[in-house]
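Dumped upload25.cif below, it's mmCIF, C-alpha atoms:
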data_target
#
loop_
_atom_site.group_PDB
_atom_site.id
_atom_site.type_symbol
_atom_site.label_atom_id
_atom_site.label_comp_id
_atom_site.auth_asym_id
_atom_site.auth_seq_id
_atom_site.Cartn_x
_atom_site.Cartn_y
_atom_site.Cartn_z
ATOM 1 C CA MET R 1 42.042 -50.900 -76.446
ATOM 2 C CA ALA R 2 44.903 -52.900 -77.928
ATOM 3 C CA GLU R 3 45.889 -54.244 -74.522
ATOM 4 C CA GLN R 4 42.362 -55.540 -73.917
ATOM 5 C CA TYR R 5 42.343 -57.211 -77.326
ATOM 6 C CA VAL R 6 45.682 -58.908 -76.590
ATOM 7 C CA LYS R 7 44.303 -60.255 -73.306
ATOM 8 C CA ASN R 8 41.517 -62.016 -75.197
ATOM 9 C CA GLN R 9 43.454 -63.231 -78.259
ATOM 10 C CA GLU R 10 46.122 -65.866 -77.751
ATOM 11 C CA GLY R 11 49.426 -65.300 -79.525
ATOM 12 C CA LEU R 12 49.195 -61.504 -79.845
ATOM 13 C CA VAL R 13 51.425 -58.890 -78.218
ATOM 14 C CA VAL R 14 51.541 -55.117 -78.146
ATOM 15 C CA ALA R 15 54.747 -53.856 -79.750
ATOM 16 C CA GLY R 16 56.778 -51.285 -77.881
ATOM 17 C CA VAL R 17 57.020 -49.033 -80.936
ATOM 18 C CA LYS R 18 56.388 -45.320 -80.629
ATOM 19 C CA ILE R 19 55.259 -43.561 -83.803
ATOM 20 C CA GLU R 20 56.591 -40.029 -83.980
ATOM 21 C CA GLN R 21 54.301 -37.439 -85.520
ATOM 22 C CA ALA R 22 54.581 -33.675 -85.663
ATOM 23 C CA GLU R 23 52.128 -31.938 -83.357
ATOM 24 C CA ASP R 24 50.455 -30.134 -86.252
ATOM 25 C CA GLU R 25 49.916 -33.358 -88.199
ATOM 26 C CA GLY R 26 46.730 -35.030 -87.071
ATOM 27 C CA GLY R 27 45.475 -38.305 -88.332
ATOM 28 C CA SER R 28 42.223 -40.116 -88.753
ATOM 29 C CA ALA R 29 41.048 -43.350 -90.256
ATOM 30 C CA ILE R 30 37.785 -44.859 -91.384
ATOM 31 C CA ALA R 31 37.618 -48.613 -91.801
ATOM 32 C CA VAL R 32 35.530 -50.020 -94.624
ATOM 33 C CA LYS R 33 35.049 -53.704 -95.348
ATOM 34 C CA LYS R 34 37.160 -54.701 -98.326
ATOM 35 C CA GLY R 35 35.080 -54.721 -101.497
ATOM 36 C CA ASN R 36 32.441 -52.274 -100.245
ATOM 37 C CA GLN R 37 33.170 -49.727 -102.962
ATOM 38 C CA LYS R 38 29.745 -48.084 -102.711
ATOM 39 C CA LEU R 39 30.279 -47.157 -99.055
ATOM 40 C CA LEU R 40 33.867 -46.064 -99.721
ATOM 41 C CA ASP R 41 32.700 -43.786 -102.542
ATOM 42 C CA GLN R 42 30.007 -42.270 -100.307
ATOM 43 C CA ILE R 43 32.523 -41.643 -97.517
ATOM 44 C CA ASN R 44 35.016 -40.039 -99.899
ATOM 45 C CA THR R 45 32.317 -37.815 -101.429
ATOM 46 C CA THR R 46 31.185 -36.669 -97.992
ATOM 47 C CA LEU R 47 34.755 -36.027 -96.815
ATOM 48 C CA GLU R 48 35.509 -33.959 -99.907
ATOM 49 C CA LYS R 49 32.363 -31.902 -99.322
ATOM 50 C CA LEU R 50 33.292 -31.339 -95.661
ATOM 51 C CA LYS R 51 36.826 -30.287 -96.623
ATOM 52 C CA THR R 52 35.601 -27.921 -99.331
ATOM 53 C CA ASN R 53 33.093 -26.087 -97.142
ATOM 54 C CA GLY R 54 35.454 -25.960 -94.124
ATOM 55 C CA ASP R 55 33.334 -28.090 -91.822
ATOM 56 C CA ILE R 56 36.122 -30.565 -91.018
ATOM 57 C CA GLU R 57 38.351 -27.783 -89.686
ATOM 58 C CA ARG R 58 35.440 -26.417 -87.658
ATOM 59 C CA PHE R 59 34.757 -29.883 -86.199
ATOM 60 C CA VAL R 60 38.413 -30.205 -85.141
ATOM 61 C CA VAL R 61 38.415 -26.794 -83.487
ATOM 62 C CA GLU R 62 35.167 -27.532 -81.631
ATOM 63 C CA ALA R 63 36.384 -30.948 -80.482
ATOM 64 C CA ASN R 64 39.646 -29.470 -79.189
ATOM 65 C CA GLU R 65 37.729 -26.753 -77.355
ATOM 66 C CA MET R 66 35.589 -29.407 -75.665
ATOM 67 C CA LEU R 67 38.766 -31.210 -74.593
ATOM 68 C CA GLY R 68 40.248 -27.980 -73.314
ATOM 69 C CA GLU R 69 43.098 -27.897 -75.793
#

In structure tokens, what does this structure look like?
Amino acid sequence: MAEQYVKNQEGLVVAGVKIEQAEDEGGSAIAVKKGNQKLLDQINTTLEKLKTNGDIERFVVEANEMLGE
């Protein structure tokens, strides 16, 4: 995706940096427009609920099974 973006935006390059991360440390991100506190609060509330009831872990397991991992 980054390479396509660079092709269309003059003056950008893709850095040759590799970020090392332990295999058991996954990562995710959700982008929210700066200043949209209401949406951010709703996202955080939902994430906390999903963590508490174990649904996030279940989603990860199911997604990995679909990918064959």

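Among the candidate residues R:Ala29, R:Glu3, R:Ala22, R:Phe59, the one lying nearest to Asn44 of chain R is R:Ala29, with distances computed using all atoms listed in the file.
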
request  = Quick one: pull the distance between atom CA of Lys18 of chain R and atom CA of Ile30 of chain R, Å, one decimal.
outcome  =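 Here the two named atoms are 21.5 Å from each other.
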
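Here atom CA of Ala2 of chain R is placed at a distance of 7.0 Å from atom CA of Val14 of chain R.
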
request  = Work out how far apart atom CA of Ser28 of chain R and atom CA of Glu10 of chain R are and give it in Å to one decimal.
outcome  =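 Calculated distance between atom CA of Ser28 of chain R and atom CA of Glu10 of chain R is 28.3 Å.
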
query = Applied to the shown file, which residues does the PyMOL selection byres ((chain R and resi 60-67) around 12) return, written as a ChimeraX atom specification?
reply = /R:26-28,50-51,54-59,68-69

Those same residues - C-alpha atoms - I'd like them written as a compact mmCIF listing (two decimals), in the frame of the given file.
# COMPACT_ATOMS: atom_id res chain seq x y z
CA GLY R 26 46.73 -35.03 -87.07
CA GLY R 27 45.48 -38.30 -88.33
CA SER R 28 42.22 -40.12 -88.75
CA LEU R 50 33.29 -31.34 -95.66
CA LYS R 51 36.83 -30.29 -96.62
CA GLY R 54 35.45 -25.96 -94.12
CA ASP R 55 33.33 -28.09 -91.82
CA ILE R 56 36.12 -30.56 -91.02
CA GLU R 57 38.35 -27.78 -89.69
CA ARG R 58 35.44 -26.42 -87.66
CA PHE R 59 34.76 -29.88 -86.20
CA GLY R 68 40.25 -27.98 -73.31
CA GLU R 69 43.10 -27.90 -75.79

task = Within 12 Å of Ile43 of chain R, counting all atoms listed in the file, which residues show up once you throw out same-chain ones fewer than 4 positions away? Write them as number ranges by chain, please.
result = R: 29-32, 36-39, 47-50

Repaired coordinates for segment 1-33 of chain R (N, CA and C atoms) as an mmCIF file, in the frame of the given file:
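Saved as rebuild10.cif:
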data_model
loop_
_atom_site.group_PDB
_atom_site.id
_atom_site.type_symbol
_atom_site.label_atom_id
_atom_site.label_comp_id
_atom_site.auth_asym_id
_atom_site.auth_seq_id
_atom_site.Cartn_x
_atom_site.Cartn_y
_atom_site.Cartn_z
ATOM 1 N N MET R 1 42.879 -50.001 -75.712
ATOM 2 C CA MET R 1 42.042 -50.900 -76.446
ATOM 3 C C MET R 1 42.865 -52.094 -76.926
ATOM 4 N N ALA R 2 44.051 -51.826 -77.422
ATOM 5 C CA ALA R 2 44.903 -52.900 -77.928
ATOM 6 C C ALA R 2 45.249 -53.884 -76.819
ATOM 7 N N GLU R 3 45.529 -53.371 -75.632
ATOM 8 C CA GLU R 3 45.889 -54.244 -74.522
ATOM 9 C C GLU R 3 44.735 -55.173 -74.151
ATOM 10 N N GLN R 4 43.526 -54.689 -74.192
ATOM 11 C CA GLN R 4 42.362 -55.540 -73.917
ATOM 12 C C GLN R 4 42.223 -56.619 -74.981
ATOM 13 N N TYR R 5 42.447 -56.261 -76.227
ATOM 14 C CA TYR R 5 42.343 -57.211 -77.326
ATOM 15 C C TYR R 5 43.375 -58.315 -77.157
ATOM 16 N N VAL R 6 44.606 -57.941 -76.787
ATOM 17 C CA VAL R 6 45.682 -58.908 -76.590
ATOM 18 C C VAL R 6 45.336 -59.879 -75.466
ATOM 19 N N LYS R 7 44.686 -59.385 -74.418
ATOM 20 C CA LYS R 7 44.303 -60.255 -73.306
ATOM 21 C C LYS R 7 43.346 -61.360 -73.753
ATOM 22 N N ASN R 8 42.533 -61.073 -74.755
ATOM 23 C CA ASN R 8 41.517 -62.016 -75.197
ATOM 24 C C ASN R 8 41.900 -62.829 -76.423
ATOM 25 N N GLN R 9 43.041 -62.538 -77.037
ATOM 26 C CA GLN R 9 43.454 -63.231 -78.259
ATOM 27 C C GLN R 9 44.830 -63.852 -78.047
ATOM 28 N N GLU R 10 44.872 -65.156 -77.979
ATOM 29 C CA GLU R 10 46.122 -65.866 -77.751
ATOM 30 C C GLU R 10 47.105 -65.625 -78.898
ATOM 31 N N GLY R 11 48.367 -65.440 -78.533
ATOM 32 C CA GLY R 11 49.426 -65.300 -79.525
ATOM 33 C C GLY R 11 49.682 -63.878 -79.992
ATOM 34 N N LEU R 12 48.972 -62.895 -79.453
ATOM 35 C CA LEU R 12 49.195 -61.504 -79.845
ATOM 36 C C LEU R 12 49.966 -60.762 -78.762
ATOM 37 N N VAL R 13 50.706 -59.752 -79.158
ATOM 38 C CA VAL R 13 51.425 -58.890 -78.218
ATOM 39 C C VAL R 13 51.307 -57.451 -78.704
ATOM 40 N N VAL R 14 51.496 -56.532 -77.789
ATOM 41 C CA VAL R 14 51.541 -55.117 -78.146
ATOM 42 C C VAL R 14 53.005 -54.747 -78.313
ATOM 43 N N ALA R 15 53.363 -54.241 -79.473
ATOM 44 C CA ALA R 15 54.747 -53.856 -79.750
ATOM 45 C C ALA R 15 55.090 -52.579 -79.005
ATOM 46 N N GLY R 16 56.316 -52.476 -78.588
ATOM 47 C CA GLY R 16 56.778 -51.285 -77.881
ATOM 48 C C GLY R 16 57.295 -50.231 -78.838
ATOM 49 N N VAL R 17 56.600 -49.994 -79.917
ATOM 50 C CA VAL R 17 57.020 -49.033 -80.936
ATOM 51 C C VAL R 17 56.276 -47.725 -80.731
ATOM 52 N N LYS R 18 57.015 -46.634 -80.744
ATOM 53 C CA LYS R 18 56.388 -45.320 -80.629
ATOM 54 C C LYS R 18 56.458 -44.650 -82.000
ATOM 55 N N ILE R 19 55.312 -44.225 -82.505
ATOM 56 C CA ILE R 19 55.259 -43.561 -83.803
ATOM 57 C C ILE R 19 55.351 -42.057 -83.577
ATOM 58 N N GLU R 20 56.377 -41.467 -84.120
ATOM 59 C CA GLU R 20 56.591 -40.029 -83.980
ATOM 60 C C GLU R 20 55.773 -39.284 -85.029
ATOM 61 N N GLN R 21 55.115 -38.240 -84.602
ATOM 62 C CA GLN R 21 54.301 -37.439 -85.520
ATOM 63 C C GLN R 21 54.366 -35.989 -85.056
ATOM 64 N N ALA R 22 54.552 -35.091 -85.994
ATOM 65 C CA ALA R 22 54.581 -33.675 -85.663
ATOM 66 C C ALA R 22 53.257 -33.268 -85.034
ATOM 67 N N GLU R 23 53.322 -32.340 -84.086
ATOM 68 C CA GLU R 23 52.128 -31.938 -83.357
ATOM 69 C C GLU R 23 51.041 -31.373 -84.263
ATOM 70 N N ASP R 24 51.442 -30.739 -85.357
ATOM 71 C CA ASP R 24 50.455 -30.134 -86.252
ATOM 72 C C ASP R 24 49.926 -31.113 -87.307
ATOM 73 N N GLU R 25 50.381 -32.347 -87.251
ATOM 74 C CA GLU R 25 49.916 -33.358 -88.199
ATOM 75 C C GLU R 25 48.972 -34.326 -87.493
ATOM 76 N N GLY R 26 47.700 -34.123 -87.663
ATOM 77 C CA GLY R 26 46.730 -35.030 -87.071
ATOM 78 C C GLY R 26 46.484 -36.194 -87.991
ATOM 79 N N GLY R 27 45.771 -37.160 -87.497
ATOM 80 C CA GLY R 27 45.475 -38.305 -88.332
ATOM 81 C C GLY R 27 44.125 -38.900 -87.971
ATOM 82 N N SER R 28 43.509 -39.466 -88.948
ATOM 83 C CA SER R 28 42.223 -40.116 -88.753
ATOM 84 C C SER R 28 42.143 -41.297 -89.690
ATOM 85 N N ALA R 29 41.243 -42.196 -89.389
ATOM 86 C CA ALA R 29 41.048 -43.350 -90.256
ATOM 87 C C ALA R 29 39.593 -43.779 -90.202
ATOM 88 N N ILE R 30 39.125 -44.283 -91.303
ATOM 89 C CA ILE R 30 37.785 -44.859 -91.384
ATOM 90 C C ILE R 30 37.961 -46.240 -91.996
ATOM 91 N N ALA R 31 37.503 -47.247 -91.292
ATOM 92 C CA ALA R 31 37.618 -48.613 -91.801
ATOM 93 C C ALA R 31 36.376 -48.970 -92.611
ATOM 94 N N VAL R 32 36.611 -49.582 -93.749
ATOM 95 C CA VAL R 32 35.530 -50.020 -94.624
ATOM 96 C C VAL R 32 35.843 -51.457 -95.034
ATOM 97 N N LYS R 33 34.854 -52.313 -94.959
ATOM 98 C CA LYS R 33 35.049 -53.704 -95.348
ATOM 99 C C LYS R 33 35.550 -53.767 -96.792
#
